[in-house]
Every structure is written in structure tokens, then in C-alpha cells.
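Novice: Take a look at the following structure, please.
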Amino acid sequence: MSISLCVIVNGNEHHLDVAPHHTLLDALREELGLTGTKRGCEVGDCGACTVLLNGKAVNSCLVLAAETEGAEVVTIEGVAGREGLHPLQEAFIREGAVQCGFCTPGMILSALALLRENPRPSDAEVRQALSGNLCRCTGYAKIVQAVLDASDASLVPGFGRPEGLRPSR
Amino acid sequence: MADNQKAVGVSVPRIEAREKVLGRSVYVDDLRREGMIWGKVVRSPHPRARIVHVDVTEARGLPGVVAVLTAADVPGDRYVGPLVKDQPILCSSSVRFEGDAVALVAATAEEVAETARDAVRVEYEILEPVLDPIAAMSPEAPQVQAGGNVASYSKLRRGDVEVGFRAADVIVEDSFSTQMIDHAYLEPEGAVAEVDAEGKVTIWVCSQYPHYDRQEVARVLGVSLARVRVIQTTTGGGFGGKFGSPLVSCYAALLAARTGRPAKVLYTREESLRTTVKRHPYRIHYKVGATRSGKLTAVEARFVGDTGAYLVVGRAVVGKSTSHGAGPYEVPHVKMDGYAVYTNKAPAGAMRGYGVPQVAVAYESLLDELARKLNLDPIEFRLKNVLREGSQTATGQTLLHSVGVAETLERAADARREMTPHLKTGKPYLKRGIGVGVSWHGIGAARSPSQATAYVNLCGDGSATVLCGSVDIGQGSNTLFSQIAAEELGVPLDQISVVTGDTLTTPDCEATTATRVTYLSGNAVRLAAEKAKGTALELAAKHFGCLPEHLILARGKVQVPDAALEISLTDLFKKHAVQQISALGVFSPDCTPLDPETGQGSPHATYGFGTHVALVEVDQETGAVRLVDYAAFNDVGKAINPQAVEGQIEGAVAMGTGYALSEGMIFDRGKILNPSFATYLLLTAADLPPVRVGLVEAPEPTGPYGAKGVGEPSMNPVAAAVINAIYDAVGVRIRELPAVPETVFAALKTRQPLPADR
Ligand code: FES
Ligand code: FES
């Protein structure tokens, strides 16, 4: 048995036939070939599969594909615009927030959801918003910095790192 | 590099960052092949059992199932392992840990393969598992491996510890235990294999050492090395865990060879946590003596590393503890005894730091105890003893250069001063404290000879290709290689292409482990580039009728700066009928192996050092510990890419703090109870403060541009610093890692006199 549905992924409408127990992660990767969304655990613990579902960051491994009828989904493949990389992507590159890169798509989408709701987050707010996305390589420092860099807060003088905690060399 | 333009020492973004932020990098799970089948591994639910019977009839009969293999179906050797071949890729007579592989199934869809896996019926005779490594050492204990449970014994003898302890005014002694942890890279292990029309096998795998995977696959299939090609896919972290257990490559290869169809095997997170290699848990006993004036006189230690069911690299891990167990200090009398012991648990293998983080917790805890007894400041005390240029290590190696540990301590003292105003919490139940941890790490494996090899192909337009067997596992070595080649050849970074991780095209450079890539492979790349440049300059010298020393190569042109003459490489090559210049760079570090009886020798050409400072807050009502501030100072020789080096250190701080506070495999009678990230607790962004990183550069004359490496040296002192900070906060000595709330709370209850209120 399969379920037919229509879902908008990165602005394009897709008609899919999915098994009732298949997740949004399965549908994105297997049906649509959007492999930028990663599977790190498939049980909602790691955040590598984070996408935007109607503007909210969700673990796509915890969402049944069948539930997404009519929904709008944004994956990492849909973050850059025609004009080029999204400022978050630019900041991730510039700040050295990418190491192995396996957590990167999920991190960027969680950060995107945060900045849409809160364009001027504090260091602590960024950390809270990313706390569902695990990273084993970076210790999060440069990821948090990249998100702050890409936020409106970056327009405020002396933003970002708490006072007295600038890295010294 | 050309005039004002430098590539080395610059924080250039990593070369593949763009494709990673776009989600376009291809990891092993992203590969699809026409007609691909999915493999799954049938695993033992028992830590120790005899296999009575394996019934595959039902599994074989399921629609969609294309293969069910047991040990009898393996065409070549059945055992693998980097040091000894003791791990069966499929067990036939007995299983040695919960998760040991018994059979392999494949089906046209992943879900069908899962059903088939569960339909394989295995009858076991359950045996009492060997779980405690100390009890396992007794000759009466059941034998995990035929040769006995003591897998290796390594020792170090320097001076006479009896004499050393007699000379001591204060002696401290204590026991510690550290837990088993997982590498927990975000990408689980996986491989895809395909057989071509000629029967040649290609494997795509996330790996730290494709050439080693090739060796094992060739042995298991019973074919020559030249018939197997291993290609490393973009690898989502390694930290030692994707080296030394090439099982997943063998599974995919076996299925592809058997069925003629492309086959994919991808571990689930649970499988990864339950069955792949881990960090060795240790039981440790230390005794350290010092004079009243604060000079260390003797260190004596005995430790047992639980290597689980198979050796993997256990002998070398414990050997590293032995050679590093006296810390980066001058100690005249040292005695170390280290054992790797088999038990019926998941095999322990290489993990960032090898055996050093374990012993660093012990010796750094005891140095703090000594400092307290001697009424000395912990940093001052360490500075009196720390290695300096000209010092001899515990293995009797004289360090002539690049000993920056004292400077890391001095910078740590400044950081501690900056943290001190933040010790107050204003709440009586919240106590804060500052701890220091110092450590070191020999660069490269303690193996001699060891070698790195690279080719550089210099093209007529000045651009170049680097071919090197050392793979990038996320730490950024491909970017580093391009920086080095660009620097030598005088071209912008985008004029360098780097090829790594394909056994067909790149030389075997040994594994991406042991903090060896910057130093060994970086040197090989630099030497190859230098040689290619030298050949070009010789050609040009003939052309200009001058000496090559008077020429420079930049942006594809050879220039005679004095005479303002130049010729493009294109013209030069044409004139001499040269298509491109290919050069080979080979680098072998200068080491001498350790004497097996005394542990004396020069096992590493150079060492990385670090001092870390942690500020923690302990909630006395719950035992919860929070990291509030952290400063890390590492002597890296030279930071070829400072941003990448900082990134390594920041990652190590998170990993090391998790080791100290939250991570650990929990066992019940040999079975892992927490094989998920909901129960195996990695620290999140919200658990960590910003980390200050300070780079110390005591140049290593034999390193590329003075560089040494940072991957492991940055990991080693973290847990020690955190544990010492807990003591400083609440006056309890945590001897058993991790310092989870229960452990800290229990220790607080037995605490003797309360420390003076802050
Ligand atoms: S794969 Fe979805 S949270 Fe890990
Ligand atoms: S960059 Fe490797 S997990 Fe985040």
C-alpha cells in the first residue's frame, strides 16, 4: 500500500507515492535524491536530518512522509539562492564552521529557522537553538560564531563573543 | 610563494567547504548504483557463546533476498586485524562480544534485508562472559582468545624508583578508572562495493586508511591487491574509529563478489555504538614523589587497558600510555607496567589520544595533590618540572627543539588570572573552581621505520596536482596539502588540485592517525613540490645560462629577479619537450624503536604539548558539573592554517569535556545499555562555553615550516583539567570517570572537611 501526496520541496511541487511508514527523510533522500539531508541516527537524536517544514526546523527522520501533504519543505539544497550562497553558508565557510561537514546541512537549517524568528540572537540563544544538532568535530565554537556573524546582531558593534572571551593567539 | 602572497600560516577556508555547505558532498550513504543490493549483519546478542547451529533457510526463502552468507562462504582469509589477525569477519564457532558478526544477508531493499537479518536463526550455547579486566588476567579466568587474556605487556624502566621514592619528601598514590567511550562521529560506518566485468572490485568507504581496507578486502576475497580498488568517500569524522576495523568494506565486498551486484552496507547508529571499536577503558594505579622544593623524583604506574574481544591496536595504545605515562616532565626514576587485556566486550581500538588521555587524568590529578601537599601553586609546581629544550623524556630521549610546553603553562597562568574574578556564584550551593591539565603527544606512530609519500605533478601553466595517500577525514588535511604546494610552487591556492584516498592513484601513505598527517605527509608534499620546482628551475637555469639558485618560480613563470628576465613554464616545457614535471617526495621521521625490556628509545621525532585551563561550576545539591570557561594553549610548532588548528582544539575540548563529564558506554553483564545518542550523552552547543584558544609556536626544524600537529595533543589534557577543576571547586577527587552527577554527588557525601567558602 502506498500513499499519494503532493509536497513542495525547495519551491518545487512534487507528487510522491510513499509507504505509510516512510519518513520525510526517506522520501527526500530516496524518492527525490536530495541526499544533502543526512541520516545520523534515524531516531531523532542527532539533528543531521534537520529540514524546515512550513518554516520550522524539524528532524525529518521523525516526520512521516504521509503527514507532509501540502507542506513546504526546505532542505540544504534549497538554501542558496540564484544570487549565490545564503549569508549563513558564507559565514560557515568564512568562520571555519565546517569540518567533516556531516552535521553542516542540519546546523544551517536549524540556524536559518532561528534567524527567521530571532534575527539578533545572543550567544546563549544560538547555543540553545542548535542544541538539538550534534557535532563531533568543531566543539560548536565556530558554528555559533558563524550564526552570530550571519545574524543582524553582526551589525551591532562588539557583538558575538562575550566580553573578555575573544580567542587570543 | 610570490612576493606578498603567502599560503602557509594563513587561515584559508577549507577547499571543500563550499560543496559541504551546499549539501553536495558525497558521503558513502549518498551513493546509489544501478541494481544495488543492501547488506545487513546478523550479530550475536550474547557477549560470550558457542555457536551451535545457524539456520538460514527462512531468510534465504524471503522474496527479495539475494544472499545469506556465513563464515563458510568467505573465499579467502576469515580473520582481520591491523596488528594480529584475531577478528573473524564472520564467526563460525564462537562469539566473543555482544555484536560479534555471525552472518551476512543482502536483499534488493534495505527493509527486506532487515527482515532477513532477523530471520536468520542462530542457536547459541551461552557461556559466562569475561568482563572484569583485572579478573581476566588470572590464569584461571576463561580464555577470550586462545593465547590467553593478557594480549600485551609493555614496560618502561628508567633509573630506580626505589631510589627516587627515598629521595622524595612527599609521596602521593592513588587508583583511577576511566570508561569506554565511542568516537561518535556523526556519520556511521558504511561501504559500497561493485565488481566490474573483469572481476575487479571497487569499494567506496568512509575510512581513515583506504590502503589498509584494500589489504584486508584482498585477503578476505583471496585476490591480489591490484584487483581491489578502495576509494574514500567524503568522511564524516574518524577520530581513530574508522581505522583498524575494515569489516564494513569486507562485508560489502563479499556481497558484491558473491552476487555480482553492487552492494551497500551501512551501519545504524545503534550498530555503530554497540559493535565498532571504542576507547580503551583503563584501570590505573599511580605513585608520584617529589622533594620539598617541588622537584619530581619518581613516578611508578601500573595500568590495564581493556581491549575487549579483539586486539585491533590495543598493544600500541597501551604502549603509548607507557611511553607517555610520566607526562611532559623531567623525572629521573620512572617505572611503568602496562597491559592490554582481552574481555568479552566490544573491541577497543584507536581513539584520539591513544592511551594518553587515560593516564593524563591520573598523573595530572596526582600532580595537583602533590602541589597541595607542598603548598605550591599547581602551575608553578609544573613549571619546575616540565620538559625544556635539552631535557630527557622518560624514554631517555633528549629533546633538542620545539619544546613549547613551558610557554603553554605561562600562558595558562595568565588565563587563570583572567578567570579568577568569575569564581564567585552568589549561591551557596554552586561552587566554582579552576583546574589545569598538561599533556603531550608524540607525533606519528611509535614505529620505525614509518614513511609518508606524495607526488606532485607540475603543469606547464604553473598549476599542479598533489597525489597523496593520507586522507582527509574532516580535519582539513587536503586544504593543508594545497597550502603547502601553493607555497612551494608560488601559485594561488586554486591552482592546486589535491587527490587523496584512492588506492588506484595515490601512494600508500599509512593511516590518517597518530597526529601524523601534518608532520609526515605535509613534509612529503613539501618535498615533492620542492623537487618539482627544483627541476623546473634547472631547466630554466640552462635556458638563461645562470645558476638555479638565482631563479624564482611564481605564478607559472621562472624569473631572474636581478636581470628582470622571465620565461613561462609553458615556453620552457615546450623548448625541452617536457609535458609536465612529476616529482616524488618521501619523508621518514628520525626515530629509534623502544627497547622492549626498558622502554627506552626515541619513539617519536617530535612532540606536541598543551596546557589547558578549565573553570567549572559544581551544583552541590545535584552533583551536576558545568563547564563555565575554558582556555587551551597548544604548542603546534607552526599553525599552517590557524583557523583549522583552532577548530581542532575547540573540537577536542568538547570531546574531552564529554569524556570527563558525560560520555560512557554503560554495561549490564556485558551488554551495552545505551547504544543511542539519547542515552550516550554527547555535549551539545548549549552545554559548552566559548573556548579561548592560544597557539604557541615552538618551531620544529624537521617539520614542514616548523609544524608538528594538533589532533591528539589537544585532546589529551582536557579531562585532566576538568577533573582538577572539580577538586578546586568542591574539594573532592574524582577517581572514576565520567564525573556524572551521581558520581560527584556520592563523592560530595563522603567529602571530609569542607573547603573554605568562596
Ligand atoms: S537522523 Fe534524524 S535526528 Fe538523527
Ligand atoms: S563538522 Fe563533523 S560533525 Fe560537525
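Identifiers in the C-alpha cells: chain A, B, ... in order shown; residue index from 1 per chain; ligand index from 1 in order shown.
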Once you count only C-alpha atoms and all ligand atoms, which residues end up within 7 Å of ligand 1, and could you hand them over as a list of chain:residue names?
Specialist: A:Lys38, A:Arg39, A:Gly40, A:Cys41, A:Glu42, A:Val43, A:Gly44, A:Asp45, A:Cys46, A:Gly47, A:Ala48, A:Cys49, A:Thr50, A:Asn59, A:Ser60, A:Cys61, A:Leu62
Novice: Using only C-alpha atoms and all ligand atoms, determine which residues fall within 9 Å of ligand 2, then list them as a PyMOL selection string.
Specialist: (chain A and resi 48+97-104+107+133-140+143) or (chain B and resi 185-187+235-237+473-475)
Novice: Need to verify the contact set: His612 of chain B, 9 Å, only C-alpha atoms, exclusion of same-chain residues closer than 6 positions in sequence. Can you return it as a VMD selection string?
Specialist: chain B and resid 408 to 409 412 435 to 439 630 to 634 714 717 to 718 720 to 721
Novice: Let me see the file: selected residues, C-alpha atoms, as a tab-separated table (two decimals), in the first residue's frame.
Specialist:
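Saved as out.tsv:
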chain	number	residue	atom	x	y	z
B	408	THR	CA	51.79	26.94	27.29
B	409	LEU	CA	51.94	26.86	31.10
B	412	ALA	CA	47.74	29.26	31.12
B	435	GLY	CA	41.83	23.27	37.09
B	436	VAL	CA	44.87	22.85	34.93
B	437	GLY	CA	45.84	19.89	32.78
B	438	VAL	CA	49.13	19.45	30.97
B	439	SER	CA	49.94	16.83	28.42
B	630	TYR	CA	37.95	27.19	29.10
B	631	ALA	CA	41.32	28.21	27.75
B	632	ALA	CA	43.52	25.91	25.67
B	633	PHE	CA	47.16	26.55	24.85
B	634	ASN	CA	48.83	24.14	22.47
B	714	SER	CA	44.69	18.98	22.04
B	717	PRO	CA	44.82	17.32	28.78
B	718	VAL	CA	41.10	18.16	28.69
B	720	ALA	CA	42.53	16.15	33.49
B	721	ALA	CA	41.88	19.90	33.58
Novice: Quick one: contact table of chain B to chain A, 7 Å max, nearest atom pair and distance in Å to one decimal per residue, counting only C-alpha atoms, chain and number order, as a tab-separated table?
Specialist:
residue	atom	partner	partner_atom	distance
B:Pro13	CA	A:Ile93	CA	6.1
B:Ala17	CA	A:Ile93	CA	5.8
B:Arg18	CA	A:Ile93	CA	6.8
B:Lys20	CA	A:Gly101	CA	5.6
B:Val21	CA	A:Gln89	CA	5.7
B:Leu22	CA	A:Glu77	CA	6.0
B:Gly23	CA	A:Gly36	CA	4.1
B:Arg24	CA	A:Gly36	CA	6.0
B:Asp30	CA	A:Thr35	CA	5.7
B:Ala184	CA	A:Arg136	CA	6.9
B:Tyr185	CA	A:Arg136	CA	5.7
B:Leu186	CA	A:Gly40	CA	5.6
B:Glu187	CA	A:Gly40	CA	5.7
B:Pro188	CA	A:Gly40	CA	6.6
B:Thr235	CA	A:Cys100	CA	6.4
B:Gly236	CA	A:Cys100	CA	4.8
B:Gly237	CA	A:Cys100	CA	5.6
B:Thr268	CA	A:Cys41	CA	6.7
B:Arg269	CA	A:Cys41	CA	5.0
B:Ile473	CA	A:Cys100	CA	6.4
B:Gly474	CA	A:Cys100	CA	3.5
B:Gln475	CA	A:Gln99	CA	5.8
B:Gly476	CA	A:Gln99	CA	6.9
B:Gln643	CA	A:Gly96	CA	6.5
B:Ala644	CA	A:Gly96	CA	6.8
B:Gly647	CA	A:Thr138	CA	5.6
B:Gln648	CA	A:Thr138	CA	6.8
B:Glu650	CA	A:Gly139	CA	5.1
B:Gly651	CA	A:Gly139	CA	3.9
B:Val653	CA	A:Gly139	CA	6.7
B:Ala654	CA	A:Gly139	CA	4.8
B:Phe677	CA	A:Asp45	CA	5.6
B:Ala678	CA	A:Asp45	CA	5.8
B:Thr684	CA	A:Ser131	CA	5.2
B:Ala685	CA	A:Arg127	CA	4.9
B:Ala686	CA	A:Arg127	CA	4.7
B:Pro690	CA	A:Ala141	CA	6.0
B:Val691	CA	A:Ala141	CA	7.0
B:Arg692	CA	A:Pro167	CA	4.5
B:Val693	CA	A:Pro167	CA	5.4
B:Gly694	CA	A:Arg169	CA	4.7
B:Leu695	CA	A:Arg169	CA	5.4
Novice: For atom CA of Phe587 of chain B and atom CA of Gly490 of chain B, determine how far apart the two atoms are, in Å to one decimal place.
Specialist: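 If I compute the distance from atom CA of Phe587 of chain B to atom CA of Gly490 of chain B, I get 21.9 Å.
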Novice: Show which residues sit within 12 Å of segment 115-119 of chain A, as a tab-separated table (two decimals) with C-alpha atoms, in the first residue's frame. Count only C-alpha atoms, and ignore same-chain residues fewer than 3 positions away.
Specialist:
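The new file result_1.tsv reads:
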chain	number	residue	atom	x	y	z
A	52	LEU	CA	12.41	23.26	7.50
A	55	GLY	CA	9.25	27.22	8.29
A	56	LYS	CA	10.01	25.24	11.44
A	57	ALA	CA	13.15	23.19	11.93
A	87	PRO	CA	24.80	34.56	4.23
A	88	LEU	CA	24.72	31.66	6.69
A	108	ILE	CA	22.48	25.52	8.74
A	109	LEU	CA	18.76	24.74	8.66
A	110	SER	CA	18.39	25.00	12.44
A	111	ALA	CA	20.26	28.30	12.30
A	112	LEU	CA	18.07	29.51	9.47
A	122	SER	CA	22.69	36.19	21.72
A	125	GLU	CA	20.24	31.81	22.24
A	126	VAL	CA	22.24	30.43	19.32
A	129	ALA	CA	18.69	26.79	19.15
A	130	LEU	CA	21.45	24.44	17.97
A	146	ALA	CA	29.16	31.75	12.08
A	147	VAL	CA	25.50	32.03	13.07
A	148	LEU	CA	26.22	35.22	15.01
A	149	ASP	CA	28.16	36.56	12.04
A	150	ALA	CA	25.25	35.91	9.72
A	151	SER	CA	22.71	37.47	12.06
A	152	ASP	CA	21.61	41.07	12.24
A	153	ALA	CA	23.44	41.13	15.54
A	154	SER	CA	26.59	41.29	13.48
A	155	LEU	CA	25.65	44.88	12.68
A	156	VAL	CA	25.87	45.79	16.37
Novice: Please list as a ChimeraX atom specification every residue within 10 Å of Glu31 of chain A, counting only C-alpha atoms and excluding residues in the same chain fewer than 2 positions away.
Specialist: /A:14,16-18,24-29,33-34
Novice: Please identify all polymer residues within 7 Å of Val28 of chain B, counting only C-alpha atoms, omitting same-chain residues fewer than 4 positions from it, and present them as a compact mmCIF listing (two decimals) with N, CA and C atoms, in the first residue's frame.
Specialist:
# COMPACT_ATOMS: atom_id res chain seq x y z
N GLY B 190 30.08 2.82 6.78
CA GLY B 190 29.39 2.21 5.65
C GLY B 190 30.33 2.02 4.48
N ALA B 191 29.91 1.15 3.55
CA ALA B 191 30.70 0.91 2.34
C ALA B 191 29.79 0.45 1.22
N TRP B 204 33.79 1.81 -2.16
CA TRP B 204 33.73 3.20 -1.68
C TRP B 204 33.43 3.12 -0.19
N VAL B 205 34.22 3.80 0.59
CA VAL B 205 34.06 3.64 2.04
C VAL B 205 34.51 4.90 2.76
N CYS B 206 33.86 5.20 3.88
CA CYS B 206 34.35 6.30 4.73
C CYS B 206 35.44 5.69 5.60
N THR B 233 35.20 7.88 0.39
CA THR B 233 34.18 8.90 0.17
C THR B 233 34.41 10.01 1.20
Novice: Write out as a tab-separated table (two decimals) with C-alpha atoms, in the first residue's frame the residues lying within 9 Å of segment 92-98 of chain B, counting only C-alpha atoms and excluding same-chain residues fewer than 5 positions away.
Specialist:
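New file result35.tsv:
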chain	number	residue	atom	x	y	z
B	43	ARG	CA	25.01	-10.19	15.24
B	44	SER	CA	25.31	-12.06	18.46
B	45	PRO	CA	23.05	-10.92	21.31
B	46	HIS	CA	25.39	-12.62	23.80
B	47	PRO	CA	28.81	-11.43	24.96
B	48	ARG	CA	30.20	-14.94	25.03
B	49	ALA	CA	28.68	-18.05	23.49
B	50	ARG	CA	29.35	-21.08	21.40
B	51	ILE	CA	27.56	-21.17	18.08
B	52	VAL	CA	25.65	-24.43	17.95
B	70	THR	CA	28.11	-17.43	6.79
B	71	ALA	CA	31.78	-17.99	7.60
B	72	ALA	CA	31.92	-20.98	5.25
B	124	TYR	CA	23.90	-20.47	20.95
B	129	PRO	CA	31.47	-13.77	29.84
B	144	VAL	CA	38.69	-14.94	25.48
B	145	GLN	CA	41.42	-15.67	22.94
B	274	ARG	CA	27.36	-1.29	20.01
B	275	THR	CA	29.85	-3.02	17.75
B	308	GLY	CA	37.72	-6.08	24.50
B	309	ALA	CA	37.31	-9.16	22.35
B	310	TYR	CA	39.98	-8.36	19.74
B	343	THR	CA	37.47	-9.30	27.72
B	344	ASN	CA	34.11	-10.14	26.15
B	345	LYS	CA	33.30	-6.58	25.18
B	346	ALA	CA	33.30	-4.53	22.00
B	347	PRO	CA	36.90	-4.26	20.82
B	670	GLY	CA	28.50	-7.48	29.03
B	671	LYS	CA	25.60	-5.93	27.12
B	672	ILE	CA	25.61	-2.27	26.21
Novice: Give me, as number ranges by chain, the residues of chain A that a backbone DSSP run labels strand (DSSP E or B).
Specialist: A: 3-9, 12-18, 23, 50-53, 56-59, 64, 72-74, 81, 84
